[in-house]
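Below is the file model25.cif, which contains mmCIF, C-alpha atoms.
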data_work
#
loop_
_atom_site.label_atom_id
_atom_site.label_comp_id
_atom_site.auth_asym_id
_atom_site.auth_seq_id
_atom_site.Cartn_x
_atom_site.Cartn_y
_atom_site.Cartn_z
CA MET I 300 -8.56 -23.23 13.81
CA VAL I 301 -8.60 -19.66 12.51
CA VAL I 302 -9.42 -16.18 13.84
CA ILE I 303 -10.66 -13.74 11.22
CA GLY I 304 -11.13 -9.99 10.97
CA SER I 305 -14.54 -8.37 10.71
CA LYS I 306 -13.90 -7.19 7.13
CA LEU I 307 -12.97 -10.72 6.02
CA LYS I 308 -16.20 -11.98 7.58
CA GLU I 309 -18.09 -9.41 5.51
CA ASN I 310 -16.22 -10.23 2.30
CA LEU I 311 -16.90 -13.97 2.71
CA HIS I 312 -20.61 -13.26 3.39
CA LEU I 313 -20.48 -15.21 6.65
CA PRO I 314 -23.29 -15.05 9.22
CA ASP I 315 -23.20 -12.53 12.06
CA ASP I 316 -21.99 -15.29 14.38
CA PRO I 317 -19.56 -17.31 12.24
CA LEU I 318 -18.08 -19.33 15.11
CA GLY I 319 -17.91 -22.97 14.14
CA THR I 320 -18.08 -22.23 10.40
CA PHE I 321 -15.37 -23.73 8.18
CA ILE I 322 -13.47 -21.72 5.55
CA GLN I 323 -10.82 -22.83 3.06
CA ILE I 324 -7.34 -21.27 3.09
CA GLY I 325 -4.72 -22.50 0.64
CA GLY I 326 -6.57 -25.73 0.01
CA ASP I 327 -7.00 -26.56 3.75
CA TRP I 328 -10.16 -26.19 5.80
CA PHE I 329 -10.11 -24.19 9.02
CA LYS I 330 -12.72 -23.81 11.72
CA ILE I 331 -13.50 -20.22 12.78
CA VAL I 332 -13.02 -19.88 16.54
CA GLY I 333 -13.05 -16.10 16.87
CA VAL I 334 -13.58 -12.70 15.24
CA THR I 335 -11.35 -9.76 16.14
CA GLU I 336 -12.62 -6.30 17.05
CA THR I 337 -13.02 -3.78 14.25
CA ARG I 338 -9.93 -1.55 13.88
CA GLY I 339 -11.08 0.56 10.93
CA GLU I 340 -9.07 1.66 7.92
CA MET I 341 -5.76 3.40 7.25
CA PHE I 342 -5.01 5.21 3.96
CA GLY I 343 -8.12 3.63 2.47
CA MET I 344 -7.03 0.07 3.34
CA SER I 345 -8.93 -2.09 5.81
CA LYS I 346 -7.10 -3.26 8.93
CA ASP I 347 -9.69 -6.03 9.47
CA ASP I 348 -9.24 -8.03 6.26
CA TYR I 349 -7.04 -10.86 7.55
CA ALA I 350 -7.02 -14.36 9.03
CA LEU I 351 -4.88 -15.68 11.90
CA ILE I 352 -3.81 -19.33 11.99
CA PRO I 353 -1.40 -21.15 14.32
CA PHE I 354 2.25 -20.57 13.43
CA SER I 355 3.06 -24.28 13.22
CA VAL I 356 0.19 -24.80 10.77
CA GLY I 357 1.31 -21.91 8.61
CA GLU I 358 4.90 -23.14 8.69
CA SER I 359 3.79 -26.59 7.55
CA ALA I 360 1.69 -25.08 4.77
CA ALA I 361 4.59 -22.89 3.58
CA GLY I 362 7.00 -25.84 3.49
CA ASN I 363 10.61 -26.11 4.57
CA ASN I 364 11.97 -24.53 1.38
CA ASN I 365 10.25 -21.18 2.00
CA LYS I 366 11.72 -18.60 4.32
CA VAL I 367 8.96 -17.28 6.57
CA ASN I 368 8.87 -13.56 7.34
CA ILE I 369 7.56 -12.86 10.82
CA GLY I 370 6.38 -9.52 12.13
CA ILE I 371 5.86 -8.98 15.87
CA THR I 372 4.22 -5.89 17.37
CA PHE I 373 4.84 -4.68 20.93
CA ASP I 374 2.97 -1.98 22.84
CA VAL I 375 4.46 0.00 25.73
CA ASN I 376 2.52 1.65 28.52
CA GLN I 377 4.80 4.68 28.69
CA ILE I 378 6.82 6.35 25.92
CA GLU I 379 9.89 6.33 28.19
CA GLN I 380 9.93 2.52 27.95
CA LEU I 381 10.35 2.58 24.18
CA GLU I 382 14.15 2.67 23.92
CA PRO I 383 14.81 0.16 26.77
CA VAL I 384 12.29 -2.28 25.25
CA GLN I 385 13.86 -1.85 21.81
CA SER I 386 17.33 -2.56 23.22
CA ARG I 387 16.14 -5.64 25.11
CA ILE I 388 14.35 -7.03 22.05
CA THR I 389 17.44 -6.48 19.90
CA ALA I 390 19.67 -8.24 22.42
CA LEU I 391 17.21 -11.14 22.77
CA PHE I 392 16.93 -11.64 19.01
CA ARG I 393 20.71 -11.53 18.55
CA GLN I 394 21.03 -14.20 21.24
CA MET I 395 18.31 -16.38 19.66
CA HIS I 396 19.90 -16.03 16.20
CA HIS I 397 23.36 -16.84 17.59
CA LEU I 398 24.90 -13.63 16.24
CA LYS I 399 28.44 -12.86 17.37
CA PRO I 400 29.61 -9.38 18.37
CA GLY I 401 30.24 -7.33 15.24
CA GLN I 402 27.88 -9.34 13.07
CA ARG I 403 25.05 -7.45 11.40
CA ASN I 404 21.49 -8.12 12.52
CA ASP I 405 19.49 -10.41 10.27
CA PHE I 406 16.30 -8.85 11.62
CA LYS I 407 14.94 -5.35 12.00
CA VAL I 408 13.52 -3.65 15.10
CA GLN I 409 11.65 -0.48 14.19
CA THR I 410 9.61 1.91 16.31
CA ALA I 411 6.55 3.87 15.28
CA GLN I 412 8.63 7.07 15.38
CA GLU I 413 11.14 5.58 12.94
CA LEU I 414 8.27 4.64 10.62
CA THR I 415 7.00 8.21 10.85
CA ASP I 416 10.47 9.57 10.07
CA THR I 417 10.77 7.26 7.07
CA PHE I 418 7.38 8.36 5.80
CA ALA I 419 8.39 12.01 6.30
CA LYS I 420 11.57 11.45 4.25
CA ILE I 421 9.50 9.96 1.44
CA ILE I 422 7.16 12.95 1.54
CA ASP I 423 10.14 15.35 1.48
CA SER I 424 11.61 13.57 -1.54
CA MET I 425 8.29 13.75 -3.35
CA THR I 426 8.06 17.45 -2.47
CA LEU I 427 11.49 18.11 -3.99
CA VAL I 428 10.57 16.24 -7.18
CA LEU I 429 7.25 18.03 -7.48
CA GLY I 430 8.99 21.33 -6.70
CA GLY I 431 11.37 20.73 -9.62
CA ILE I 432 8.44 19.99 -11.93
CA VAL I 433 6.66 23.14 -10.77
CA SER I 434 9.82 25.21 -11.33
CA VAL I 435 10.08 24.01 -14.93
CA SER I 436 6.37 24.75 -15.40
CA LEU I 437 6.85 28.27 -14.02
CA LEU I 438 9.78 28.85 -16.35
CA VAL I 439 7.82 27.67 -19.39
CA GLY I 440 4.80 29.72 -18.33
CA GLY I 441 6.95 32.79 -17.78
CA ILE I 442 8.53 32.48 -21.23
CA GLY I 443 5.05 32.15 -22.71
CA ILE I 444 3.92 35.34 -20.93
CA MET I 445 7.01 37.18 -22.15
CA ASN I 446 6.41 36.12 -25.76
CA ILE I 447 2.76 37.14 -25.60
CA MET I 448 3.67 40.55 -24.19
CA LEU I 449 6.39 41.07 -26.83
CA VAL I 450 3.83 40.36 -29.55
CA SER I 451 1.42 42.72 -27.80
CA VAL I 452 4.05 45.49 -27.76
CA THR I 453 4.73 44.99 -31.46
CA GLU I 454 1.04 45.09 -32.38
CA ARG I 455 0.40 48.19 -30.23
CA THR I 456 3.41 50.20 -31.30
CA ARG I 457 1.28 52.98 -32.84
CA GLU I 458 -0.89 53.03 -29.70
CA ILE I 459 2.24 53.51 -27.58
CA GLY I 460 3.37 56.33 -29.89
CA ILE I 461 0.01 58.08 -29.55
CA CYS I 462 0.13 57.76 -25.74
CA LYS I 463 3.63 59.25 -25.63
CA ALA I 464 2.64 62.03 -28.04
CA LEU I 465 -0.23 62.92 -25.69
CA GLY I 466 2.20 63.23 -22.75
CA ALA I 467 2.53 59.71 -21.31
CA GLN I 468 5.85 59.30 -19.54
CA ARG I 469 8.18 56.31 -19.70
CA HIS I 470 7.11 54.98 -16.28
CA HIS I 471 3.43 55.18 -17.31
CA ILE I 472 4.03 52.84 -20.27
CA LEU I 473 6.25 50.62 -18.14
CA MET I 474 3.60 50.25 -15.44
CA GLN I 475 0.85 49.61 -17.98
CA PHE I 476 2.59 46.60 -19.53
CA LEU I 477 3.82 45.29 -16.17
CA ILE I 478 0.25 45.35 -14.85
CA GLU I 479 -0.97 43.53 -17.96
CA ALA I 480 1.70 40.83 -17.62
CA THR I 481 1.01 40.43 -13.90
CA THR I 482 -2.76 40.23 -14.47
CA LEU I 483 -2.21 37.57 -17.14
CA SER I 484 -0.08 35.45 -14.79
CA ILE I 485 -2.55 35.86 -11.90
CA PHE I 486 -5.38 34.58 -14.09
CA GLY I 487 -3.19 31.59 -14.92
CA GLY I 488 -2.57 31.08 -11.19
CA VAL I 489 -6.31 31.11 -10.47
CA ILE I 490 -6.95 28.50 -13.18
CA GLY I 491 -4.06 26.35 -11.92
CA LEU I 492 -5.29 26.61 -8.32
CA ALA I 493 -8.81 25.58 -9.32
CA LEU I 494 -7.55 22.62 -11.38
CA GLY I 495 -5.22 21.52 -8.58
CA TYR I 496 -8.04 21.59 -6.04
CA LEU I 497 -10.38 19.66 -8.36
CA LEU I 498 -7.70 17.00 -9.00
CA GLY I 499 -7.01 16.65 -5.26
CA PHE I 500 -10.72 16.50 -4.48
CA GLY I 501 -11.28 13.86 -7.17
CA ALA I 502 -8.31 11.77 -6.03
CA ALA I 503 -9.56 11.86 -2.41
CA LYS I 504 -13.01 10.69 -3.51
CA LEU I 505 -11.51 7.72 -5.36
CA ILE I 506 -9.99 6.41 -2.10
CA PRO I 507 -12.65 5.06 0.30
CA ASN I 508 -12.93 6.89 3.64
CA PHE I 509 -10.09 9.24 2.68
CA PRO I 510 -10.47 12.83 3.98
CA ASP I 511 -11.39 15.54 1.50
CA ALA I 512 -8.67 17.69 -0.02
CA VAL I 513 -7.95 20.83 1.99
CA VAL I 514 -6.09 23.83 0.57
CA PRO I 515 -4.69 26.06 3.37
CA TRP I 516 -4.80 29.82 2.98
CA TRP I 517 -1.02 30.10 3.05
CA ALA I 518 -0.82 27.83 -0.01
CA VAL I 519 -3.33 30.02 -1.86
CA LEU I 520 -1.42 33.18 -0.98
CA LEU I 521 1.87 31.52 -1.95
CA ALA I 522 0.43 30.50 -5.33
CA PHE I 523 -0.78 34.04 -6.01
CA GLY I 524 2.57 35.41 -4.87
CA PHE I 525 4.47 33.17 -7.27
CA SER I 526 2.08 34.05 -10.10
CA THR I 527 2.59 37.77 -9.47
CA LEU I 528 6.36 37.36 -9.26
CA VAL I 529 6.50 35.39 -12.54
CA GLY I 530 4.38 38.03 -14.28
CA MET I 531 6.59 40.85 -13.06
CA LEU I 532 9.90 39.13 -13.85
CA PHE I 533 8.97 38.02 -17.34
CA GLY I 534 7.01 41.18 -18.08
CA ILE I 535 9.93 43.55 -17.43
CA MET I 536 11.57 43.00 -20.83
CA PRO I 537 8.43 43.65 -22.94
CA ALA I 538 7.46 46.59 -20.72
CA ALA I 539 10.95 48.12 -21.03
CA LYS I 540 10.83 47.68 -24.80
CA ALA I 541 7.51 49.51 -24.95
CA ALA I 542 8.66 52.27 -22.60
CA ASN I 543 11.86 52.93 -24.59
CA LEU I 544 10.08 53.47 -27.91
CA GLU I 545 10.47 56.95 -29.40
CA PRO I 546 7.11 58.63 -30.13
CA ILE I 547 8.01 59.53 -33.75
CA ASP I 548 9.29 56.02 -34.56
CA ALA I 549 6.25 54.45 -32.93
CA LEU I 550 3.82 56.64 -34.88
CA ARG I 551 5.58 55.76 -38.16
CA TYR I 552 5.39 52.03 -37.47
CA GLU I 553 3.30 50.14 -40.02
#
Target format structure tokens, applied to this file:
Amino acid sequence: MVVIGSKLKENLHLPDDPLGTFIQIGGDWFKIVGVTETRGEMFGMSKDDYALIPFSVGESAAGNNNKVNIGITFDVNQIEQLEPVQSRITALFRQMHHLKPGQRNDFKVQTAQELTDTFAKIIDSMTLVLGGIVSVSLLVGGIGIMNIMLVSVTERTREIGICKALGAQRHHILMQFLIEATTLSIFGGVIGLALGYLLGFGAAKLIPNFPDAVVPWWAVLLAFGFSTLVGMLFGIMPAAKAANLEPIDALRYE
């Protein structure tokens, strides 16, 4: 006897009412006696693609040399019952496994909250790793902006001399090159934001029934803020070099 999920019924191309139909599992034939209710999908994976057989049958099929891993799920009516139920299950399993006081459990009792906490830790670790990668990318991008602006200052030395000869003050030149560096980094931020959204959107579409990528406004503002900050920090040196040029020396530059 076997009870199957609705997705498995669909994958095996069984009739709408498959009760009484025989299917083969691991070389043995089983008669379908039931179909479970549809539970949907989680993270793009179906929760209905499975088959349930009696434990004794599965144990015989696995053989005595294989250690069987068993997972048992309990539901509680009230959240306050969670810890007492967990304690009682732990005590019962220790008694059934003949574990003495002080011996480590050879089983694991885990609540949904603990699973959520574990998943959150994984996400935090991934965030730190990605944050490190982004920091290196910002550093490389900032150095690139600084080099471009230094080349720009060198190529526009005569232009800077003319501006100063016409009465431009040091802070005018400084602001001009800072604005150029900041604008350059903001354009890079816009391109990066667009590419990031397209990659997230494409990745979400590759996973069936996965929600579309959503970029919150605070993330957009944070990206623009970082881009502006990088442009200002790495644009200070080229801007200061341009602002400190003497008009006569700049006009004589070939």
Note to self: When the PyMOL selection byres ((chain I and resi 338) around 10) is applied to the structure above, which residues does it catch, written out as a PyMOL selection string?
What the structure shows: chain I and resi 304-306+335-337+339-341+345-347
Using the chain letters and numbers from this file, what does the PyMOL selection byres ((chain I and resi 436-442) around 12) select? Give the answer as a tab-separated table (two decimals) with C-alpha atoms, keeping the file's coordinate frame.
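Result file result.tsv:
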chain	number	residue	atom	x	y	z
I	429	LEU	CA	7.25	18.03	-7.48
I	430	GLY	CA	8.99	21.33	-6.70
I	431	GLY	CA	11.37	20.73	-9.62
I	432	ILE	CA	8.44	19.99	-11.93
I	433	VAL	CA	6.66	23.14	-10.77
I	434	SER	CA	9.82	25.21	-11.33
I	435	VAL	CA	10.08	24.01	-14.93
I	443	GLY	CA	5.05	32.15	-22.71
I	444	ILE	CA	3.92	35.34	-20.93
I	445	MET	CA	7.01	37.18	-22.15
I	446	ASN	CA	6.41	36.12	-25.76
I	447	ILE	CA	2.76	37.14	-25.60
I	448	MET	CA	3.67	40.55	-24.19
I	449	LEU	CA	6.39	41.07	-26.83
I	480	ALA	CA	1.70	40.83	-17.62
I	481	THR	CA	1.01	40.43	-13.90
I	483	LEU	CA	-2.21	37.57	-17.14
I	484	SER	CA	-0.08	35.45	-14.79
I	485	ILE	CA	-2.55	35.86	-11.90
I	487	GLY	CA	-3.19	31.59	-14.92
I	488	GLY	CA	-2.57	31.08	-11.19
I	491	GLY	CA	-4.06	26.35	-11.92
I	522	ALA	CA	0.43	30.50	-5.33
I	525	PHE	CA	4.47	33.17	-7.27
I	526	SER	CA	2.08	34.05	-10.10
I	527	THR	CA	2.59	37.77	-9.47
I	528	LEU	CA	6.36	37.36	-9.26
I	529	VAL	CA	6.50	35.39	-12.54
I	530	GLY	CA	4.38	38.03	-14.28
I	531	MET	CA	6.59	40.85	-13.06
I	532	LEU	CA	9.90	39.13	-13.85
I	533	PHE	CA	8.97	38.02	-17.34
I	534	GLY	CA	7.01	41.18	-18.08
I	535	ILE	CA	9.93	43.55	-17.43
I	536	MET	CA	11.57	43.00	-20.83
I	537	PRO	CA	8.43	43.65	-22.94
Margin query: If the PyMOL selection byres ((chain I and resi 409-418) around 10) were run on this exact file, what residues would it hold? Put them as a VMD selection string.
Written below: chain I and resid 372 to 373 381 to 382 385 406 to 408 419 to 424
Check: In file coordinates, which residues lie within 10 Å of (-12.4, -13.9, 16.2) using all atoms listed in the file, given as a VMD selection string?
Finding: chain I and resid 301 to 305 308 316 to 318 331 to 336 350 to 351
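Reported to one decimal place, the separation of CA of Val519 (chain I) from CA of Leu492 (chain I) is 7.6 Å.
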Notebook entry, point to check: Suppose you want the space between CA of Ser451 (chain I) and CA of Phe523 (chain I); what is it in Å?
Noted result: 23.6 Å
Note to self: Show me the residues close to (17.8, -8.4, 9.6) - anything with an atom within 12 Å, counting all atoms listed in the file - and format the list as JSON, numbers by chain.
What the structure shows: {"I": [368, 369, 370, 389, 392, 393, 396, 398, 402, 403, 404, 405, 406, 407, 408, 409]}
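The coordinates place CA of Gly357 (chain I) at 24.5 Å from CA of Asp374 (chain I).
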Check: Counting all atoms listed in the file, which of I:Met344, I:Leu313, I:Val375, I:Ala360 gets nearest to Gly326 (chain I)?
Finding: I:Ala360
Please extract region 359-429 of chain I and write it out with C-alpha atoms, as a CSV table (one decimal), in the first residue's frame.
chain,number,residue,atom,x,y,z
I,359,SER,CA,12.6,-4.2,5.0
I,360,ALA,CA,13.4,-2.6,1.7
I,361,ALA,CA,16.4,-0.6,3.2
I,362,GLY,CA,17.8,-3.7,4.8
I,363,ASN,CA,19.4,-4.2,8.2
I,364,ASN,CA,22.8,-2.8,7.2
I,365,ASN,CA,21.3,0.7,6.5
I,366,LYS,CA,20.7,3.2,9.2
I,367,VAL,CA,17.2,4.7,8.7
I,368,ASN,CA,16.8,8.4,9.3
I,369,ILE,CA,13.3,9.2,10.6
I,370,GLY,CA,11.7,12.7,10.7
I,371,ILE,CA,8.6,13.3,12.8
I,372,THR,CA,6.6,16.5,12.7
I,373,PHE,CA,4.3,17.7,15.6
I,374,ASP,CA,1.8,20.5,15.6
I,375,VAL,CA,0.7,22.4,18.7
I,376,ASN,CA,-2.6,24.2,19.1
I,377,GLN,CA,-1.1,27.1,21.1
I,378,ILE,CA,2.4,28.6,20.9
I,379,GLU,CA,2.7,28.4,24.7
I,380,GLN,CA,2.8,24.6,24.4
I,381,LEU,CA,5.9,24.6,22.2
I,382,GLU,CA,8.6,24.4,24.9
I,383,PRO,CA,6.7,21.9,27.2
I,384,VAL,CA,6.1,19.6,24.2
I,385,GLN,CA,9.7,19.9,23.1
I,386,SER,CA,10.9,19.0,26.6
I,387,ARG,CA,8.6,16.0,26.8
I,388,ILE,CA,9.6,14.7,23.4
I,389,THR,CA,13.3,15.0,24.3
I,390,ALA,CA,12.8,13.1,27.6
I,391,LEU,CA,10.8,10.4,25.8
I,392,PHE,CA,13.4,9.9,23.1
I,393,ARG,CA,16.2,9.8,25.7
I,394,GLN,CA,14.3,7.1,27.5
I,395,MET,CA,13.6,5.1,24.4
I,396,HIS,CA,17.2,5.3,23.3
I,397,HIS,CA,18.4,4.3,26.8
I,398,LEU,CA,20.6,7.4,27.2
I,399,LYS,CA,22.1,7.9,30.6
I,400,PRO,CA,22.3,11.3,32.3
I,401,GLY,CA,25.2,13.3,30.8
I,402,GLN,CA,25.1,11.4,27.5
I,403,ARG,CA,24.6,13.5,24.4
I,404,ASN,CA,21.4,13.1,22.4
I,405,ASP,CA,21.7,10.9,19.3
I,406,PHE,CA,18.7,12.7,17.9
I,407,LYS,CA,17.7,16.3,17.3
I,408,VAL,CA,14.5,18.1,18.3
I,409,GLN,CA,14.1,21.4,16.5
I,410,THR,CA,11.3,23.9,16.4
I,411,ALA,CA,10.2,26.0,13.6
I,412,GLN,CA,11.6,29.1,15.3
I,413,GLU,CA,15.0,27.4,15.5
I,414,LEU,CA,14.8,26.7,11.8
I,415,THR,CA,14.0,30.3,11.2
I,416,ASP,CA,16.9,31.4,13.3
I,417,THR,CA,19.3,29.1,11.5
I,418,PHE,CA,18.1,30.4,8.2
I,419,ALA,CA,18.5,34.0,9.4
I,420,LYS,CA,22.1,33.2,10.4
I,421,ILE,CA,22.8,31.8,6.9
I,422,ILE,CA,21.4,35.0,5.4
I,423,ASP,CA,23.5,37.1,7.7
I,424,SER,CA,26.6,35.2,6.7
I,425,MET,CA,25.8,35.6,3.1
I,426,THR,CA,25.2,39.4,3.6
I,427,LEU,CA,28.6,39.8,5.2
I,428,VAL,CA,30.3,37.9,2.4
I,429,LEU,CA,28.5,39.9,-0.3
